[in-house]
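Trainee: One structure coming up, written as structure tokens, with questions to follow.
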Amino acid sequence: MLRKEQNDLLTQTGPGTPAGKLFRCYWLPVLLAEELPENDCPPVRVKILSERLLAFRDTQGRLGLIDEFCAHRGVSLWFGRNEENGLRCPYHGWKYDVTGQCVDVPSEPEESGYCRKIKLKSYPMIERGGVLWAYMGPPDKEPPPPEYEFAAVPPTQRYVSKRLQESNWLQAMEGGIDSSHVSFLHRGDLNSDPLFRGAKGNQYNLADARPVFEVVESVGGLYIGARRNAENDRYYWRITQWVLPSFTMIPPRGNHSVHGHFWIPIDDENCWTWSFDYHPIRELTAAEVAAMKDGKGIHVKVIPGTFRPAANKDNDYLMDRAAQKSGRSYSGVEGFGMQDGSIQESMGPIVDRTKENLVSTDNGIIMSRHRLLRAIKALDKGEMPPGLDPAHQQVRSASVVLARELAFKDAAREALSARPGTAPASV
Ligand code: FES
Ligand SMILES: [Fe+2]
């Protein structure tokens, strides 16, 4: 449970808010690289942390992320002409480069130098791992580029998607570190989804619905260990990674790919759910990629031409009561991704955490809130938060079977860091 002020603090990320300042310390995923496929392609609107921006790729391939609105009289530059190294407003022809600098005001005499005095807000944007990342914080505090393992492996070993989630980022992220819901919400699909089925770990998951949580601080966030009984005095451990502010990695299953999410606030009532799958040592198969594109695993089917899920709140997530009744699907909503999304959106745009009744399986959630609150407080005093150092980002989730007397954080220590060229620890 949180007090109202704490809930507001963690869920509001607009300019000037404490949590907004925290998010603005990091490189954040803003677009799939394929959304700006070539030089001088159409610009794309980007709303992030309640700021309305516009992304474009200029004639030389440079990336720009600038204020969406023209400095002259406020026209959306989405209507702009992307030409000759800049975006030209179609209303009166003012033109901006990728830094937001106005480079032409055609109605004014060139010698007046008027355009040099006009500059739109802009943020640096870089491409990594098939994703365009933006840094929206103070220029002198720009961190090194992101080093998450999924972004570092060759493109053939990776698949990334994003979907609109119509809820605040925090309740979405809290679903990502809540390992206990798998035995309920997703139980109908564990043995049928092509990206999960066949793993030995699934049987442990389904057989023991009372996981015991052990949560340990990592340098960048938390290791969230959930143990279930396995045979012969051993435990099946699922260890989720959370790295501030909102990067999570779900423990893998069998020889399937490893996966996880980022939750990035669009505004306080919507966020992007980023979903990535990769394998550290092998290419994804054509069948795996086809399944991911088809909305299997953690990915979802979207309405073509958009990132809104095909199953969404306007159609009751295509609820299938017969499947729910028969147990083919525990929730009646199809697919892991929208099972999560539907449940989290159903809490309302910003869940009221003053009314919760938390139990021991919510320990990861409780500790992540504390860590966020601490980081926000420390940032206010000038201390940079965890998760900025590339070493904090080079982590892996793991699923392992260990003797009962072993502490997971010691016994699985190696498995929890990204070691290039090594297989993930997965059961
Ligand atoms: S409003 Fe953009 S040039 Fe006039
Ligand atoms: Fe889930």
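Each chain of the structure tokens is named A, B, ... in the order shown, its residues numbered from 1; ligands are numbered from 1 in display order.
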Using only C-alpha atoms and all ligand atoms, what does the table of chain A residues within 9 Å of ligand 2 look like, with each row giving the shortest atom pair and its distance in Å to one decimal, sorted by chain and ascending number, as CSV?

Mentor:
residue,atom,partner,partner_atom_place_in_ligand_line,distance
A:Gly175,CA,ligand 2,1 (Fe),6.2
A:Gly176,CA,ligand 2,1 (Fe),6.4
A:Ile177,CA,ligand 2,1 (Fe),8.7
A:Asp178,CA,ligand 2,1 (Fe),7.6
A:Ser179,CA,ligand 2,1 (Fe),7.6
A:His181,CA,ligand 2,1 (Fe),6.5
A:Val182,CA,ligand 2,1 (Fe),6.0
A:Leu185,CA,ligand 2,1 (Fe),7.1
A:His186,CA,ligand 2,1 (Fe),6.7
A:Ile298,CA,ligand 2,1 (Fe),8.1
A:Phe336,CA,ligand 2,1 (Fe),6.0
A:Gly337,CA,ligand 2,1 (Fe),6.8
A:Met338,CA,ligand 2,1 (Fe),8.7
A:Gln339,CA,ligand 2,1 (Fe),6.8
A:Asp340,CA,ligand 2,1 (Fe),4.9
A:Gly341,CA,ligand 2,1 (Fe),8.4

Trainee: Identify, counting only C-alpha atoms and all ligand atoms, the protein, DNA and RNA residues located within 7 Å of ligand 1, and give them as a PyMOL selection string.

Mentor: chain A and resi 70-75+89-94

Trainee: Leaving out region 145-148 of chain A and any residue of its chain fewer than 5 positions from it, which residues lie within 8 Å of it when counting only C-alpha atoms, given as a list in words?

Mentor: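 Neighbouring residues, sequence-local ones excluded: Trp27, Arg128, Pro390, Ala391, Gln393, Gln394 and Val395 of chain A.
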
Trainee: Which neighbours of Gly188 (chain A) fall inside 12 Å, counting only C-alpha atoms, when residues of the same chain fewer than 6 positions from it are skipped, and could you give them as a CSV table (one decimal) with C-alpha atoms, in the first residue's frame?

Mentor:
chain,number,residue,atom,x,y,z
A,182,VAL,CA,2.1,-17.0,-14.1
A,196,PHE,CA,7.0,-21.4,-24.1
A,197,ARG,CA,5.9,-24.9,-24.5
A,202,ASN,CA,6.5,-25.2,-16.9
A,205,ASN,CA,5.3,-23.6,-12.4
A,206,LEU,CA,1.9,-25.3,-12.8
A,323,ALA,CA,-12.3,-20.8,-23.2
A,324,GLN,CA,-12.3,-19.4,-19.7
A,325,LYS,CA,-14.8,-21.9,-18.5
A,326,SER,CA,-13.1,-24.9,-20.1
A,327,GLY,CA,-9.7,-23.8,-18.7
A,328,ARG,CA,-8.1,-23.6,-22.2
A,329,SER,CA,-7.5,-20.0,-21.1
A,330,TYR,CA,-7.5,-19.1,-17.5
A,331,SER,CA,-8.6,-15.5,-18.1
A,332,GLY,CA,-10.4,-15.9,-21.4
A,333,VAL,CA,-8.2,-13.4,-23.1
A,334,GLU,CA,-5.9,-14.8,-25.7
A,335,GLY,CA,-2.1,-14.6,-25.4
A,336,PHE,CA,0.3,-13.7,-22.6
A,339,GLN,CA,-3.6,-11.3,-20.7

Trainee: Can you work out which one of A:Val400, A:Leu164, A:Leu77, A:Ala290 has the shortest atom-to-atom distance to Ser426 (chain A), counting only C-alpha atoms?

Mentor: A:Val400

Trainee: Could you check how far CA of Arg45 (chain A) sits from CA of Glu68 (chain A), in Å to one decimal?

Mentor: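 For CA of Arg45 (chain A) relative to CA of Glu68 (chain A), the distance reads 7.2 Å.
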
Trainee: Pick the closest to Leu416 (chain A) from A:Gly387, A:Pro265, A:Pro109, A:Pro251: which is it, counting only C-alpha atoms?

Mentor: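 Of the candidates, the smallest distance to Leu416 (chain A) is held by A:Pro251.
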
Trainee: Could you pull out all residues of region 169-338 of chain A with a DSSP call of strand (DSSP E) and give them as a ChimeraX atom specification?

Mentor: /A:212-217,221-229,234-243,247-250,258-267,270-278

Trainee: Using only C-alpha atoms, pick whichever of A:Val258, A:Ile224, A:Leu36, A:Cys271 has the shortest atom-to-atom distance to Glu149 (chain A).

Mentor: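 Ranking A:Val258, A:Ile224, A:Leu36, A:Cys271 by distance to Glu149 (chain A), first place goes to A:Val258.
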
Trainee: I'd like the contact shell of Leu244 (chain A) - 10 Å cut-off, only C-alpha atoms, skipping same-chain residues fewer than 6 positions apart - returned as a list of chain:residue names.

Mentor: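 The residues satisfying every condition are A:Leu22, A:Phe23, A:Tyr26, A:Val219, A:Gly220, A:Gly221, A:Leu222, A:Phe262, A:Ser368, A:Arg371, A:Leu372, A:Ala375, A:Pro385, A:Pro386, A:Gly387, A:Leu388, A:His392, A:Gln393.
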
Trainee: Could you save the residues just selected, with all heavy atoms, as a tab-separated table (two decimals), in the first residue's frame?

Mentor:
chain	number	residue	atom	x	y	z
A	22	LEU	N	13.56	11.56	-12.91
A	22	LEU	CA	14.25	10.27	-12.84
A	22	LEU	C	14.30	9.63	-14.24
A	22	LEU	O	15.36	9.23	-14.72
A	22	LEU	CB	13.54	9.34	-11.86
A	22	LEU	CG	14.21	7.98	-11.68
A	22	LEU	CD1	15.45	8.09	-10.80
A	22	LEU	CD2	13.24	6.96	-11.07
A	23	PHE	N	13.15	9.53	-14.91
A	23	PHE	CA	13.13	8.95	-16.26
A	23	PHE	C	14.05	9.70	-17.21
A	23	PHE	O	14.66	9.12	-18.09
A	23	PHE	CB	11.70	8.94	-16.82
A	23	PHE	CG	10.96	7.66	-16.54
A	23	PHE	CD1	10.11	7.56	-15.45
A	23	PHE	CD2	11.13	6.55	-17.35
A	23	PHE	CE1	9.43	6.38	-15.19
A	23	PHE	CE2	10.46	5.36	-17.10
A	23	PHE	CZ	9.61	5.28	-16.01
A	26	TYR	N	17.82	8.69	-18.18
A	26	TYR	CA	18.18	7.49	-18.95
A	26	TYR	C	17.97	7.69	-20.45
A	26	TYR	O	17.13	8.50	-20.86
A	26	TYR	CB	17.31	6.31	-18.51
A	26	TYR	CG	17.42	5.96	-17.05
A	26	TYR	CD1	16.64	6.61	-16.10
A	26	TYR	CD2	18.31	4.99	-16.62
A	26	TYR	CE1	16.74	6.30	-14.75
A	26	TYR	CE2	18.42	4.67	-15.27
A	26	TYR	CZ	17.63	5.33	-14.34
A	26	TYR	OH	17.74	5.03	-13.01
A	219	VAL	N	22.97	-4.08	-8.26
A	219	VAL	CA	23.51	-2.73	-8.37
A	219	VAL	C	22.56	-1.80	-9.13
A	219	VAL	O	22.44	-0.62	-8.81
A	219	VAL	CB	24.91	-2.69	-9.04
A	219	VAL	CG1	25.99	-3.05	-8.04
A	219	VAL	CG2	24.97	-3.53	-10.29
A	220	GLY	N	21.86	-2.37	-10.14
A	220	GLY	CA	21.00	-1.51	-10.95
A	220	GLY	C	19.53	-1.56	-10.58
A	220	GLY	O	18.73	-0.83	-11.15
A	221	GLY	N	19.17	-2.46	-9.67
A	221	GLY	CA	17.74	-2.59	-9.34
A	221	GLY	C	17.51	-3.72	-8.38
A	221	GLY	O	17.93	-3.66	-7.23
A	222	LEU	N	16.85	-4.78	-8.88
A	222	LEU	CA	16.54	-5.91	-8.01
A	222	LEU	C	16.68	-7.23	-8.76
A	222	LEU	O	16.44	-7.30	-9.97
A	222	LEU	CB	15.07	-5.83	-7.55
A	222	LEU	CG	14.63	-4.66	-6.67
A	222	LEU	CD1	13.11	-4.74	-6.47
A	222	LEU	CD2	15.33	-4.67	-5.32
A	262	PHE	N	10.34	-3.11	-21.52
A	262	PHE	CA	10.52	-1.77	-20.99
A	262	PHE	C	9.12	-1.17	-20.92
A	262	PHE	O	8.33	-1.38	-21.84
A	262	PHE	CB	11.25	-0.88	-22.00
A	262	PHE	CG	12.73	-0.88	-21.91
A	262	PHE	CD1	13.49	-1.55	-22.84
A	262	PHE	CD2	13.37	-0.15	-20.92
A	262	PHE	CE1	14.86	-1.52	-22.80
A	262	PHE	CE2	14.74	-0.11	-20.87
A	262	PHE	CZ	15.48	-0.80	-21.81
A	368	SER	N	10.60	-2.65	-5.19
A	368	SER	CA	10.88	-1.78	-6.35
A	368	SER	C	10.34	-0.37	-6.09
A	368	SER	O	10.97	0.63	-6.45
A	368	SER	CB	10.29	-2.36	-7.63
A	368	SER	OG	8.89	-2.30	-7.61
A	371	ARG	N	12.76	1.33	-3.85
A	371	ARG	CA	14.01	1.69	-4.55
A	371	ARG	C	13.76	2.92	-5.45
A	371	ARG	O	14.60	3.80	-5.55
A	371	ARG	CB	14.47	0.49	-5.38
A	371	ARG	CG	15.87	0.59	-5.91
A	371	ARG	CD	16.85	-0.31	-5.16
A	371	ARG	NE	18.21	0.20	-5.27
A	371	ARG	CZ	19.20	-0.40	-5.91
A	371	ARG	NH1	19.00	-1.57	-6.49
A	371	ARG	NH2	20.40	0.14	-5.96
A	372	LEU	N	12.60	2.97	-6.08
A	372	LEU	CA	12.28	4.13	-6.92
A	372	LEU	C	12.17	5.39	-6.07
A	372	LEU	O	12.70	6.45	-6.43
A	372	LEU	CB	10.97	3.89	-7.68
A	372	LEU	CG	11.03	2.95	-8.88
A	372	LEU	CD1	9.62	2.55	-9.31
A	372	LEU	CD2	11.77	3.59	-10.05
A	375	ALA	N	15.56	6.48	-5.07
A	375	ALA	CA	16.32	7.06	-6.19
A	375	ALA	C	15.83	8.48	-6.50
A	375	ALA	O	16.62	9.37	-6.81
A	375	ALA	CB	16.20	6.17	-7.42
A	385	PRO	N	20.96	8.10	-10.33
A	385	PRO	CA	20.30	6.85	-9.93
A	385	PRO	C	21.00	5.59	-10.46
A	385	PRO	O	21.81	5.68	-11.38
A	385	PRO	CB	18.91	6.99	-10.56
A	385	PRO	CG	19.11	7.87	-11.73
A	385	PRO	CD	20.21	8.81	-11.38
A	386	PRO	N	20.64	4.42	-9.92
A	386	PRO	CA	21.14	3.15	-10.44
A	386	PRO	C	20.63	2.91	-11.87
A	386	PRO	O	19.61	3.48	-12.26
A	386	PRO	CB	20.53	2.09	-9.51
A	386	PRO	CG	19.95	2.84	-8.36
A	386	PRO	CD	19.69	4.23	-8.81
A	387	GLY	N	21.35	2.05	-12.60
A	387	GLY	CA	20.87	1.66	-13.93
A	387	GLY	C	21.45	2.46	-15.07
A	387	GLY	O	21.14	2.19	-16.23
A	388	LEU	N	22.28	3.47	-14.77
A	388	LEU	CA	22.87	4.27	-15.84
A	388	LEU	C	24.17	3.67	-16.35
A	388	LEU	O	24.50	3.79	-17.53
A	388	LEU	CB	23.16	5.69	-15.32
A	388	LEU	CG	21.93	6.54	-15.02
A	388	LEU	CD1	22.34	7.82	-14.31
A	388	LEU	CD2	21.18	6.85	-16.31
A	392	HIS	N	25.40	-2.06	-15.13
A	392	HIS	CA	24.12	-2.34	-14.47
A	392	HIS	C	23.11	-2.93	-15.46
A	392	HIS	O	22.14	-3.56	-15.08
A	392	HIS	CB	23.50	-1.06	-13.88
A	392	HIS	CG	24.33	-0.44	-12.81
A	392	HIS	ND1	23.93	0.68	-12.12
A	392	HIS	CD2	25.54	-0.75	-12.31
A	392	HIS	CE1	24.85	1.03	-11.24
A	392	HIS	NE2	25.85	0.17	-11.34
A	393	GLN	N	23.33	-2.63	-16.74
A	393	GLN	CA	22.37	-3.05	-17.77
A	393	GLN	C	22.69	-4.43	-18.33
A	393	GLN	O	21.83	-5.06	-18.95
A	393	GLN	CB	22.37	-2.01	-18.90
A	393	GLN	CG	22.01	-0.62	-18.40
A	393	GLN	CD	22.33	0.47	-19.41
A	393	GLN	OE1	22.89	0.22	-20.48
A	393	GLN	NE2	21.99	1.71	-19.08

Trainee: Give me every alpha helix (DSSP H) residue in region 202-424 of chain A, going by DSSP on the backbone, as a VMD selection string.

Mentor: chain A and resid 202 to 207 286 to 293 321 to 326 336 to 346 363 to 380 390 to 393 408 to 411

Trainee: For Arg253 (chain A), which residue out of A:Asp193, A:Glu142, A:Glu174, A:Asp233 is the nearest one, using only C-alpha atoms?

Mentor: A:Asp193

Trainee: What's around region 342-346 of chain A at 8 Å? Count only C-alpha atoms, leave out sequence neighbours fewer than 5 positions away in its own chain, and write the answer as a list in words.

Mentor: Gln165, Glu166, Ser167, Gln171, Ala172, Gly175, Asn312, Lys313, Tyr317 and Val333 of chain A

Trainee: Take the selection from the previous step and output its residues with N, CA, C and O atoms, as a PDB file, in the first residue's frame.

Mentor:
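This went into result38.pdb:
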ATOM      1  N   GLN A 165      -0.173   0.630 -24.351  1.00  0.00           N
ATOM      2  CA  GLN A 165      -0.893   0.157 -23.173  1.00  0.00           C
ATOM      3  C   GLN A 165      -1.614   1.340 -22.547  1.00  0.00           C
ATOM      4  O   GLN A 165      -1.002   2.369 -22.229  1.00  0.00           O
ATOM      5  N   GLU A 166      -2.929   1.167 -22.366  1.00  0.00           N
ATOM      6  CA  GLU A 166      -3.747   2.279 -21.886  1.00  0.00           C
ATOM      7  C   GLU A 166      -3.820   2.256 -20.361  1.00  0.00           C
ATOM      8  O   GLU A 166      -4.888   2.109 -19.765  1.00  0.00           O
ATOM      9  N   SER A 167      -2.651   2.391 -19.762  1.00  0.00           N
ATOM     10  CA  SER A 167      -2.557   2.520 -18.304  1.00  0.00           C
ATOM     11  C   SER A 167      -1.257   3.219 -17.972  1.00  0.00           C
ATOM     12  O   SER A 167      -0.368   3.323 -18.802  1.00  0.00           O
ATOM     13  N   GLN A 171       1.844   0.400 -13.018  1.00  0.00           N
ATOM     14  CA  GLN A 171       1.095  -0.838 -12.831  1.00  0.00           C
ATOM     15  C   GLN A 171       1.444  -1.855 -13.917  1.00  0.00           C
ATOM     16  O   GLN A 171       1.360  -3.070 -13.696  1.00  0.00           O
ATOM     17  N   ALA A 172       1.874  -1.364 -15.089  1.00  0.00           N
ATOM     18  CA  ALA A 172       2.335  -2.269 -16.134  1.00  0.00           C
ATOM     19  C   ALA A 172       3.662  -2.913 -15.717  1.00  0.00           C
ATOM     20  O   ALA A 172       3.837  -4.127 -15.776  1.00  0.00           O
ATOM     21  N   GLY A 175       3.439  -5.585 -13.137  1.00  0.00           N
ATOM     22  CA  GLY A 175       3.058  -6.903 -13.672  1.00  0.00           C
ATOM     23  C   GLY A 175       4.279  -7.670 -14.151  1.00  0.00           C
ATOM     24  O   GLY A 175       4.327  -8.901 -14.073  1.00  0.00           O
ATOM     25  N   ASN A 312      -8.507  -5.017 -27.411  1.00  0.00           N
ATOM     26  CA  ASN A 312      -8.293  -3.823 -26.580  1.00  0.00           C
ATOM     27  C   ASN A 312      -9.546  -3.523 -25.773  1.00  0.00           C
ATOM     28  O   ASN A 312     -10.544  -4.235 -25.865  1.00  0.00           O
ATOM     29  N   LYS A 313      -9.501  -2.439 -24.991  1.00  0.00           N
ATOM     30  CA  LYS A 313     -10.614  -2.242 -24.054  1.00  0.00           C
ATOM     31  C   LYS A 313     -11.935  -1.914 -24.754  1.00  0.00           C
ATOM     32  O   LYS A 313     -12.985  -2.116 -24.173  1.00  0.00           O
ATOM     33  N   TYR A 317     -11.354  -6.890 -25.056  1.00  0.00           N
ATOM     34  CA  TYR A 317     -10.179  -7.762 -25.247  1.00  0.00           C
ATOM     35  C   TYR A 317     -10.565  -9.105 -25.884  1.00  0.00           C
ATOM     36  O   TYR A 317      -9.895 -10.108 -25.689  1.00  0.00           O
ATOM     37  N   VAL A 333      -8.804 -14.247 -22.090  1.00  0.00           N
ATOM     38  CA  VAL A 333      -8.166 -13.359 -23.068  1.00  0.00           C
ATOM     39  C   VAL A 333      -7.026 -14.139 -23.712  1.00  0.00           C
ATOM     40  O   VAL A 333      -6.314 -14.890 -23.042  1.00  0.00           O
TER      41      VAL A 333
END

Trainee: What lies within 8 Å of Val401 (chain A) using only C-alpha atoms, ignoring chain neighbours under 5 positions off, as a list in words?

Mentor: Ala230, Arg234, Tyr235, Tyr236, Trp237 and Val427 of chain A

Trainee: Can you measure CA of Gly61 (chain A) to CA of Glu83 (chain A) for me? One decimal in Å is fine.

Mentor: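 Distance between the two atoms: 11.6 Å.
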
Trainee: What does the distance between CA of Phe213 (chain A) and CA of Arg227 (chain A) come to in Å, to one decimal place?

Mentor: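 That distance, rounded to one decimal, is 6.5 Å.
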
Trainee: Which residue gives the smallest distance to Ala291 (chain A) among A:Asp8, A:Ala311, A:Pro194, A:Ala418, with only C-alpha atoms counted?

Mentor: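 Closest candidate: A:Pro194.
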
Trainee: Hey, which of A:Pro15, A:Gly64, A:Pro420, A:Gly20 ends up closest to Ile264 (chain A)? Count only C-alpha atoms.

Mentor: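 Selected residue with least distance to Ile264 (chain A): A:Gly20.
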